[in-house]
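Content type PDB, C-alpha atoms, from the file input_27.pdb:
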ATOM      1  CA  ASP A   9       0.000   0.000   0.000
ATOM      2  CA  GLY A  10       1.143   3.503  -0.750
ATOM      3  CA  GLY A  11       1.855   5.875   2.029
ATOM      4  CA  ILE A  12       4.297   8.033   3.935
ATOM      5  CA  THR A  13       6.836   6.500   6.302
ATOM      6  CA  GLN A  14       8.453   8.556   9.012
ATOM      7  CA  SER A  15      11.304   7.341  11.198
ATOM      8  CA  PRO A  16      12.145   7.129  13.941
ATOM      9  CA  LYS A  17       8.817   7.178  15.747
ATOM     10  CA  TYR A  18      10.458   8.352  18.981
ATOM     11  CA  LEU A  19      13.797  10.103  19.324
ATOM     12  CA  PHE A  20      15.694  11.462  22.297
ATOM     13  CA  ARG A  21      18.442  13.994  21.880
ATOM     14  CA  LYS A  22      20.837  15.806  24.114
ATOM     15  CA  GLU A  23      21.041  19.562  23.905
ATOM     16  CA  GLY A  24      23.512  20.730  21.287
ATOM     17  CA  GLN A  25      23.079  17.727  19.001
ATOM     18  CA  ASN A  26      21.677  17.777  15.503
ATOM     19  CA  VAL A  27      19.149  15.102  14.588
ATOM     20  CA  THR A  28      17.663  14.078  11.266
ATOM     21  CA  LEU A  29      14.103  12.853  10.832
ATOM     22  CA  SER A  30      13.382  10.679   7.836
ATOM     23  CA  CYS A  31      10.344  10.962   5.573
ATOM     24  CA  GLU A  32       9.789   8.653   2.606
ATOM     25  CA  GLN A  33       6.716   8.441   0.374
ATOM     26  CA  ASN A  34       5.695   6.005  -2.348
ATOM     27  CA  LEU A  35       2.599   7.899  -3.459
ATOM     28  CA  ASN A  36       4.426   9.486  -6.398
ATOM     29  CA  HIS A  37       3.541  12.912  -5.027
ATOM     30  CA  ASP A  38       5.546  15.892  -6.151
ATOM     31  CA  ALA A  39       5.119  18.097  -3.099
ATOM     32  CA  MET A  40       6.254  17.327   0.433
ATOM     33  CA  TYR A  41       5.943  19.236   3.703
ATOM     34  CA  TRP A  42       7.144  19.277   7.274
ATOM     35  CA  TYR A  43       4.891  20.466  10.075
ATOM     36  CA  ARG A  44       5.578  20.899  13.749
ATOM     37  CA  GLN A  45       2.830  20.185  16.278
ATOM     38  CA  ASP A  46       2.756  21.545  19.835
ATOM     39  CA  PRO A  47      -0.161  21.145  22.262
ATOM     40  CA  GLY A  48      -2.812  23.800  21.717
ATOM     41  CA  GLN A  49      -1.028  25.363  18.725
ATOM     42  CA  GLY A  50      -2.202  23.284  15.824
ATOM     43  CA  LEU A  51       0.272  22.520  13.059
ATOM     44  CA  ARG A  52       2.870  24.990  11.888
ATOM     45  CA  LEU A  53       4.688  24.724   8.573
ATOM     46  CA  ILE A  54       8.468  24.378   8.783
ATOM     47  CA  TYR A  55       9.552  23.731   5.171
ATOM     48  CA  TYR A  56       7.975  22.541   1.954
ATOM     49  CA  SER A  57       9.172  21.339  -1.402
ATOM     50  CA  GLN A  58       7.154  21.289  -4.586
ATOM     51  CA  ILE A  59       9.818  19.706  -6.781
ATOM     52  CA  VAL A  60      13.111  17.869  -6.477
ATOM     53  CA  ASN A  61      16.112  20.069  -5.638
ATOM     54  CA  ASP A  62      13.927  22.962  -4.563
ATOM     55  CA  PHE A  63      12.387  23.857  -1.211
ATOM     56  CA  GLN A  64      10.920  26.873   0.540
ATOM     57  CA  LYS A  65      10.835  28.100   4.116
ATOM     58  CA  GLY A  66       7.565  27.915   5.958
ATOM     59  CA  ASP A  67       6.477  29.938   8.951
ATOM     60  CA  ILE A  68       8.966  28.550  11.494
ATOM     61  CA  ALA A  69      12.068  27.490   9.524
ATOM     62  CA  GLU A  70      14.676  28.885  11.922
ATOM     63  CA  GLY A  71      16.828  26.123  13.402
ATOM     64  CA  TYR A  72      15.783  23.555  10.791
ATOM     65  CA  SER A  73      17.183  22.418   7.465
ATOM     66  CA  VAL A  74      15.942  20.107   4.688
ATOM     67  CA  SER A  75      17.044  18.563   1.442
ATOM     68  CA  ARG A  76      15.129  17.172  -1.522
ATOM     69  CA  GLU A  77      17.517  15.107  -3.621
ATOM     70  CA  LYS A  78      14.934  12.476  -4.543
ATOM     71  CA  LYS A  79      11.230  12.744  -5.210
ATOM     72  CA  GLU A  80      10.484  10.113  -2.589
ATOM     73  CA  SER A  81      12.510  11.566   0.263
ATOM     74  CA  PHE A  82      12.397  14.792   2.282
ATOM     75  CA  PRO A  83      14.524  14.538   5.449
ATOM     76  CA  LEU A  84      14.378  17.208   8.138
ATOM     77  CA  THR A  85      17.379  18.119  10.290
ATOM     78  CA  VAL A  86      16.724  19.728  13.628
ATOM     79  CA  THR A  87      19.860  21.670  14.395
ATOM     80  CA  SER A  88      21.305  22.805  17.705
ATOM     81  CA  ALA A  89      20.166  26.307  16.766
ATOM     82  CA  GLN A  90      16.540  25.324  17.312
ATOM     83  CA  LYS A  91      15.839  26.675  20.788
ATOM     84  CA  ASN A  92      12.869  24.518  21.679
ATOM     85  CA  PRO A  93      12.965  21.375  19.542
ATOM     86  CA  THR A  94      10.830  19.087  21.701
ATOM     87  CA  ALA A  95       7.702  18.505  19.616
ATOM     88  CA  PHE A  96       5.792  16.124  17.384
ATOM     89  CA  TYR A  97       6.901  16.387  13.759
ATOM     90  CA  LEU A  98       4.643  15.478  10.861
ATOM     91  CA  CYS A  99       5.615  14.912   7.256
ATOM     92  CA  ALA A 100       3.006  15.230   4.520
ATOM     93  CA  SER A 101       2.697  15.136   0.751
ATOM     94  CA  SER A 102       0.267  16.301  -1.912
ATOM     95  CA  ARG A 103      -0.450  15.596  -5.576
ATOM     96  CA  ARG A 104       0.658  17.928  -8.313
ATOM     97  CA  GLY A 105      -2.357  19.536  -9.895
ATOM     98  CA  ASP A 106      -4.553  19.209  -6.816
ATOM     99  CA  ARG A 107      -5.750  22.802  -6.530
ATOM    100  CA  ALA A 108      -7.192  22.244  -3.097
ATOM    101  CA  GLY A 109      -3.930  20.827  -1.832
ATOM    102  CA  GLU A 110      -5.197  17.873   0.176
ATOM    103  CA  LEU A 111      -2.392  16.628   2.402
ATOM    104  CA  PHE A 112      -1.535  13.018   3.137
ATOM    105  CA  PHE A 113       0.289  12.550   6.423
ATOM    106  CA  GLY A 114       2.821  10.180   7.897
ATOM    107  CA  GLU A 115       2.514   8.791  11.426
ATOM    108  CA  GLY A 116       4.794  11.407  12.934
ATOM    109  CA  SER A 117       8.052  11.502  14.872
ATOM    110  CA  ARG A 118       8.209  12.604  18.493
ATOM    111  CA  LEU A 119      11.443  14.345  19.413
ATOM    112  CA  THR A 120      12.368  14.907  23.036
ATOM    113  CA  VAL A 121      15.388  16.931  24.050
ATOM    114  CA  LEU A 122      16.866  15.875  27.364
TER     115      LEU A 122
ATOM    116  CA  ALA B  12      -4.180  36.536   4.973
ATOM    117  CA  GLN B  13      -6.331  33.533   5.628
ATOM    118  CA  SER B  14      -6.783  32.072   9.081
ATOM    119  CA  VAL B  15      -8.795  29.428  10.874
ATOM    120  CA  THR B  16     -10.404  29.589  14.310
ATOM    121  CA  GLN B  17     -11.748  26.556  16.098
ATOM    122  CA  LEU B  18     -14.052  27.486  18.944
ATOM    123  CA  GLY B  19     -13.389  25.364  21.984
ATOM    124  CA  SER B  20     -10.146  23.494  22.580
ATOM    125  CA  HIS B  21     -12.037  20.733  24.416
ATOM    126  CA  VAL B  22     -15.529  19.397  23.747
ATOM    127  CA  SER B  23     -17.140  16.632  25.759
ATOM    128  CA  VAL B  24     -20.281  14.748  24.737
ATOM    129  CA  SER B  25     -22.088  11.646  25.890
ATOM    130  CA  GLU B  26     -22.158   8.553  23.746
ATOM    131  CA  GLY B  27     -25.101   8.809  21.359
ATOM    132  CA  ALA B  28     -25.294  12.608  21.588
ATOM    133  CA  LEU B  29     -24.803  15.102  18.776
ATOM    134  CA  VAL B  30     -21.248  16.124  17.999
ATOM    135  CA  LEU B  31     -20.708  19.740  16.914
ATOM    136  CA  LEU B  32     -17.201  21.083  16.385
ATOM    137  CA  ARG B  33     -16.985  24.690  15.261
ATOM    138  CA  CYS B  34     -14.679  26.177  12.652
ATOM    139  CA  ASN B  35     -14.640  29.700  11.261
ATOM    140  CA  TYR B  36     -12.285  30.882   8.580
ATOM    141  CA  SER B  37     -11.047  34.189   7.310
ATOM    142  CA  SER B  38     -10.314  34.486   3.625
ATOM    143  CA  SER B  39     -10.647  37.158   0.988
ATOM    144  CA  VAL B  40     -11.268  34.599  -1.745
ATOM    145  CA  PRO B  41     -13.283  31.367  -1.814
ATOM    146  CA  PRO B  42     -11.343  28.822   0.168
ATOM    147  CA  TYR B  43     -10.890  25.117   0.179
ATOM    148  CA  LEU B  44     -11.709  23.679   3.600
ATOM    149  CA  PHE B  45     -10.760  20.471   5.339
ATOM    150  CA  TRP B  46     -11.422  18.541   8.513
ATOM    151  CA  TYR B  47      -8.765  16.117   9.720
ATOM    152  CA  VAL B  48      -8.825  13.721  12.688
ATOM    153  CA  GLN B  49      -5.823  12.712  14.776
ATOM    154  CA  TYR B  50      -5.643   9.831  17.232
ATOM    155  CA  PRO B  51      -2.940   9.920  19.951
ATOM    156  CA  ASN B  52       0.614   9.738  18.625
ATOM    157  CA  GLN B  53      -0.575   9.267  15.060
ATOM    158  CA  GLY B  54      -0.682  11.337  11.914
ATOM    159  CA  LEU B  55      -3.694  13.197  10.573
ATOM    160  CA  GLN B  56      -6.394  11.474   8.545
ATOM    161  CA  LEU B  57      -8.745  13.319   6.223
ATOM    162  CA  LEU B  58     -12.381  13.286   7.355
ATOM    163  CA  LEU B  59     -13.833  15.438   4.588
ATOM    164  CA  LYS B  60     -13.126  18.407   2.340
ATOM    165  CA  TYR B  61     -14.995  21.259   0.670
ATOM    166  CA  THR B  62     -13.831  22.158  -2.813
ATOM    167  CA  SER B  63     -16.626  24.471  -4.032
ATOM    168  CA  ALA B  64     -19.040  21.779  -5.113
ATOM    169  CA  ALA B  65     -21.923  20.896  -2.771
ATOM    170  CA  THR B  66     -22.025  22.992   0.383
ATOM    171  CA  LEU B  67     -22.979  19.989   2.519
ATOM    172  CA  VAL B  68     -20.055  17.603   2.537
ATOM    173  CA  LYS B  69     -20.235  14.055   3.799
ATOM    174  CA  GLY B  70     -17.138  12.361   5.114
ATOM    175  CA  ILE B  71     -16.005   9.156   6.706
ATOM    176  CA  ASN B  72     -17.291   7.668   9.965
ATOM    177  CA  GLY B  73     -20.656   9.437   9.688
ATOM    178  CA  PHE B  74     -19.275  12.981   9.886
ATOM    179  CA  GLU B  75     -20.472  15.843   7.731
ATOM    180  CA  ALA B  76     -19.838  19.568   7.464
ATOM    181  CA  GLU B  77     -21.673  22.469   5.886
ATOM    182  CA  PHE B  78     -19.965  25.368   4.182
ATOM    183  CA  LYS B  79     -21.765  28.633   4.998
ATOM    184  CA  LYS B  80     -20.224  31.514   3.119
ATOM    185  CA  SER B  81     -22.362  34.159   4.850
ATOM    186  CA  GLU B  82     -21.143  32.980   8.239
ATOM    187  CA  THR B  83     -17.615  32.053   7.070
ATOM    188  CA  SER B  84     -18.102  28.755   8.859
ATOM    189  CA  PHE B  85     -17.445  25.081   8.227
ATOM    190  CA  HIS B  86     -18.733  23.311  11.324
ATOM    191  CA  LEU B  87     -18.319  19.540  11.703
ATOM    192  CA  THR B  88     -21.243  17.434  12.935
ATOM    193  CA  LYS B  89     -22.154  13.858  13.651
ATOM    194  CA  PRO B  90     -25.660  12.897  14.780
ATOM    195  CA  SER B  91     -24.620  10.259  17.311
ATOM    196  CA  ALA B  92     -21.228  10.111  19.018
ATOM    197  CA  HIS B  93     -19.392   6.841  19.451
ATOM    198  CA  MET B  94     -16.603   6.111  21.898
ATOM    199  CA  SER B  95     -14.237   5.611  18.969
ATOM    200  CA  ASP B  96     -14.779   9.260  17.928
ATOM    201  CA  ALA B  97     -12.642  10.457  20.826
ATOM    202  CA  ALA B  98      -9.694  12.190  19.151
ATOM    203  CA  GLU B  99      -8.377  15.600  18.182
ATOM    204  CA  TYR B 100      -9.965  17.333  15.219
ATOM    205  CA  PHE B 101      -8.364  19.975  13.044
ATOM    206  CA  CYS B 102      -9.982  22.369  10.623
ATOM    207  CA  ALA B 103      -7.765  23.689   7.824
ATOM    208  CA  VAL B 104      -8.021  26.150   4.930
ATOM    209  CA  SER B 105      -6.126  26.575   1.684
ATOM    210  CA  LEU B 106      -6.491  28.889  -1.273
ATOM    211  CA  TYR B 107      -6.616  28.231  -4.971
ATOM    212  CA  ASN B 108      -3.140  27.613  -6.363
ATOM    213  CA  GLN B 109      -1.551  27.578  -2.941
ATOM    214  CA  GLY B 110      -2.195  23.895  -2.751
ATOM    215  CA  GLY B 111      -0.659  22.088   0.180
ATOM    216  CA  LYS B 112       0.047  25.194   2.204
ATOM    217  CA  LEU B 113      -2.783  24.474   4.532
ATOM    218  CA  ILE B 114      -3.416  26.747   7.458
ATOM    219  CA  PHE B 115      -4.581  24.756  10.482
ATOM    220  CA  GLY B 116      -6.728  25.713  13.422
ATOM    221  CA  GLN B 117      -5.513  25.010  16.934
ATOM    222  CA  GLY B 118      -7.488  21.794  17.168
ATOM    223  CA  THR B 119     -10.427  20.590  19.259
ATOM    224  CA  GLU B 120     -10.085  17.584  21.501
ATOM    225  CA  LEU B 121     -13.289  15.559  21.570
ATOM    226  CA  SER B 122     -14.052  13.388  24.597
ATOM    227  CA  VAL B 123     -16.932  10.903  24.564
ATOM    228  CA  LYS B 124     -18.432   9.826  27.883
ATOM    229  CA  PRO B 125     -20.122   6.441  28.221
TER     230      PRO B 125
END

Representation of the structure as structure tokens:
Amino acid sequence: DGGITQSPKYLFRKEGQNVTLSCEQNLNHDAMYWYRQDPGQGLRLIYYSQIVNDFQKGDIAEGYSVSREKKESFPLTVTSAQKNPTAFYLCASSRRGDRAGELFFGEGSRLTVL
Amino acid sequence: AQSVTQLGSHVSVSEGALVLLRCNYSSSVPPYLFWYVQYPNQGLQLLLKYTSAATLVKGINGFEAEFKKSETSFHLTKPSAHMSDAAEYFCAVSLYNQGGKLIFGQGTELSVKP
């Protein structure tokens, strides 16, 4: 079955360390997104990519970095510059040509900074 | 700029009672509107979407929502709550040709009492 796979599901990190969250999709979608979820704040867009080798900052990109070398993959690196990285991170994708922009989500990765 | 407001961060209903989750949007152009459901530590799943066809939209699990332009609302309803409906619900808006850049509300946690 097609879908979006995020790994790891749970991740613990010490302060000052960079971590990379994986996101892979086999839906053949062109666009991919990273959202951050905090209690009571909904989802906030970190980065998005509408095509390979191109990506754009979202609303809260500071302290994060991404790459899009393959259509299927959109990894997110949480750098030591991110001041409050503990959160639930969601990867999503959408079809090219879908004007409404329906998002398909992965199961999420929970990052805890110790 | 568009925005989404969900009235009530927590809603509690009895099993078998009506479920009503409120969503109001702000947009200068006709929007696309979505309701997503999230179970604990999981990703978001699409319940239903409005894409300028019928104003009454039926979704999965017996949910439906009505687009009311005059009230800028897209409230989610279900005639009879089931214990399995307990989850967090998110309303989201996107604009034509900004596909995928959904703006999410803060979420409403639904509790169902036996």

*Select, from A:Val121, A:Ala39, A:Ile54, A:Leu29, the residue with the minimum atom-to-atom distance to A:Asp106, counting only C-alpha atoms.*
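Among the listed residues, the smallest separation from A:Asp106 belongs to A:Ala39.
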
*Find the residues around A:Gln25 up to 10 Å (all atoms listed in the file counted), leave out those fewer than 6 positions away in its own chain, and share them as a VMD selection string.*
chain A and resid 86 to 89 121

Atoms kept (C-alpha atoms) for selection, written as a PDB file, in the frame of the given file:
ATOM      1  CA  VAL A  86      16.724  19.728  13.628  1.00  0.00           C
ATOM      2  CA  THR A  87      19.860  21.670  14.395  1.00  0.00           C
ATOM      3  CA  SER A  88      21.305  22.805  17.705  1.00  0.00           C
ATOM      4  CA  ALA A  89      20.166  26.307  16.766  1.00  0.00           C
ATOM      5  CA  VAL A 121      15.388  16.931  24.050  1.00  0.00           C
TER       6      VAL A 121
END

_Residue among A:Phe82, A:Tyr43, A:Phe96, A:Gln14 lying closest to A:Asp67, counting all atoms listed in the file_ = A:Tyr43

*Shortest interatomic distance to B:Ser91 - which of B:Glu75, B:Gln56, B:Ser38, B:Phe45, counting all atoms listed in the file*: B:Glu75

Would you mind listing, as a short mmCIF file (atom, residue, chain, number, x, y, z; two decimals) with C-alpha atoms, keeping the file's coordinate frame, all residues of chain B that have at least one atom within 9 Å of chain A, where all atoms listed in the file are what counts?
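What ended up in result23.cif:
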data_model
loop_
_atom_site.label_atom_id
_atom_site.label_comp_id
_atom_site.auth_asym_id
_atom_site.auth_seq_id
_atom_site.Cartn_x
_atom_site.Cartn_y
_atom_site.Cartn_z
CA SER B 20 -10.15 23.49 22.58
CA PRO B 42 -11.34 28.82 0.17
CA TYR B 43 -10.89 25.12 0.18
CA LEU B 44 -11.71 23.68 3.60
CA PHE B 45 -10.76 20.47 5.34
CA ASN B 52 0.61 9.74 18.62
CA GLN B 53 -0.57 9.27 15.06
CA GLY B 54 -0.68 11.34 11.91
CA LEU B 55 -3.69 13.20 10.57
CA GLN B 56 -6.39 11.47 8.54
CA LEU B 57 -8.74 13.32 6.22
CA LYS B 60 -13.13 18.41 2.34
CA TYR B 61 -15.00 21.26 0.67
CA THR B 62 -13.83 22.16 -2.81
CA PHE B 101 -8.36 19.98 13.04
CA VAL B 104 -8.02 26.15 4.93
CA SER B 105 -6.13 26.58 1.68
CA LEU B 106 -6.49 28.89 -1.27
CA TYR B 107 -6.62 28.23 -4.97
CA ASN B 108 -3.14 27.61 -6.36
CA GLN B 109 -1.55 27.58 -2.94
CA GLY B 110 -2.19 23.90 -2.75
CA GLY B 111 -0.66 22.09 0.18
CA LYS B 112 0.05 25.19 2.20
CA LEU B 113 -2.78 24.47 4.53
CA ILE B 114 -3.42 26.75 7.46
CA PHE B 115 -4.58 24.76 10.48
CA GLY B 116 -6.73 25.71 13.42
CA GLN B 117 -5.51 25.01 16.93
CA GLY B 118 -7.49 21.79 17.17
CA THR B 119 -10.43 20.59 19.26
#

_Shell of 9 Å around B:Ser84, only C-alpha atoms, local chain residues under 6 positions omitted, as number ranges by chain_ = B: 33-36, 77-78

*How far is it from atom CA of A:Pro83 to atom CA of A:Thr28, in Å with one decimal?*
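A separation of 6.6 Å between them.
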
Given the block above, output stretch 83-110 of chain B with N, CA and C atoms as a short mmCIF file (atom, residue, chain, number, x, y, z; two decimals), in the first residue's frame.
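To be explicit, this is the file written out as selection24.cif:
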data_model
loop_
_atom_site.label_atom_id
_atom_site.label_comp_id
_atom_site.auth_asym_id
_atom_site.auth_seq_id
_atom_site.Cartn_x
_atom_site.Cartn_y
_atom_site.Cartn_z
N THR B 83 -19.02 32.48 7.18
CA THR B 83 -17.62 32.05 7.07
C THR B 83 -17.34 30.89 8.02
N SER B 84 -18.22 29.88 7.94
CA SER B 84 -18.10 28.76 8.86
C SER B 84 -18.07 27.44 8.10
N PHE B 85 -17.52 26.44 8.77
CA PHE B 85 -17.45 25.08 8.23
C PHE B 85 -17.48 24.13 9.42
N HIS B 86 -18.61 24.09 10.10
CA HIS B 86 -18.73 23.31 11.32
C HIS B 86 -18.88 21.82 11.02
N LEU B 87 -18.30 21.00 11.87
CA LEU B 87 -18.32 19.54 11.70
C LEU B 87 -19.38 18.95 12.62
N THR B 88 -20.20 18.05 12.12
CA THR B 88 -21.24 17.43 12.94
C THR B 88 -21.30 15.93 12.72
N LYS B 89 -21.84 15.28 13.74
CA LYS B 89 -22.15 13.86 13.65
C LYS B 89 -23.36 13.63 14.53
N PRO B 90 -24.40 13.00 14.03
CA PRO B 90 -25.66 12.90 14.78
C PRO B 90 -25.52 12.15 16.10
N SER B 91 -24.69 11.11 16.14
CA SER B 91 -24.62 10.26 17.31
C SER B 91 -23.17 9.87 17.58
N ALA B 92 -22.64 10.35 18.70
CA ALA B 92 -21.23 10.11 19.02
C ALA B 92 -21.00 8.67 19.44
N HIS B 93 -19.83 8.17 19.05
CA HIS B 93 -19.39 6.84 19.45
C HIS B 93 -18.09 6.99 20.22
N MET B 94 -17.83 6.05 21.09
CA MET B 94 -16.60 6.11 21.90
C MET B 94 -15.36 6.23 21.01
N SER B 95 -15.40 5.60 19.86
CA SER B 95 -14.24 5.61 18.97
C SER B 95 -14.01 6.98 18.30
N ASP B 96 -14.96 7.91 18.50
CA ASP B 96 -14.78 9.26 17.93
C ASP B 96 -13.86 10.13 18.77
N ALA B 97 -13.53 9.67 19.96
CA ALA B 97 -12.64 10.46 20.83
C ALA B 97 -11.28 10.62 20.16
N ALA B 98 -10.92 11.88 19.90
CA ALA B 98 -9.69 12.19 19.15
C ALA B 98 -9.55 13.70 19.11
N GLU B 99 -8.52 14.16 18.42
CA GLU B 99 -8.38 15.60 18.18
C GLU B 99 -8.75 15.88 16.73
N TYR B 100 -9.46 16.97 16.53
CA TYR B 100 -9.96 17.33 15.22
C TYR B 100 -9.41 18.69 14.81
N PHE B 101 -8.95 18.75 13.57
CA PHE B 101 -8.36 19.97 13.04
C PHE B 101 -9.12 20.44 11.81
N CYS B 102 -9.44 21.71 11.80
CA CYS B 102 -9.98 22.37 10.62
C CYS B 102 -8.83 23.07 9.91
N ALA B 103 -8.86 23.07 8.57
CA ALA B 103 -7.76 23.69 7.82
C ALA B 103 -8.32 24.37 6.58
N VAL B 104 -7.61 25.39 6.11
CA VAL B 104 -8.02 26.15 4.93
C VAL B 104 -6.85 26.29 3.98
N SER B 105 -7.14 26.24 2.68
CA SER B 105 -6.13 26.57 1.68
C SER B 105 -6.79 27.38 0.59
N LEU B 106 -5.97 28.06 -0.19
CA LEU B 106 -6.49 28.89 -1.27
C LEU B 106 -6.11 28.30 -2.62
N TYR B 107 -6.88 28.67 -3.60
CA TYR B 107 -6.62 28.23 -4.97
C TYR B 107 -5.18 28.52 -5.35
N ASN B 108 -4.52 27.50 -5.90
CA ASN B 108 -3.14 27.61 -6.36
C ASN B 108 -2.13 27.86 -5.25
N GLN B 109 -2.52 27.64 -4.04
CA GLN B 109 -1.55 27.58 -2.94
C GLN B 109 -1.61 26.19 -2.33
N GLY B 110 -1.94 25.24 -3.19
CA GLY B 110 -2.19 23.89 -2.75
C GLY B 110 -1.14 23.34 -1.83
#
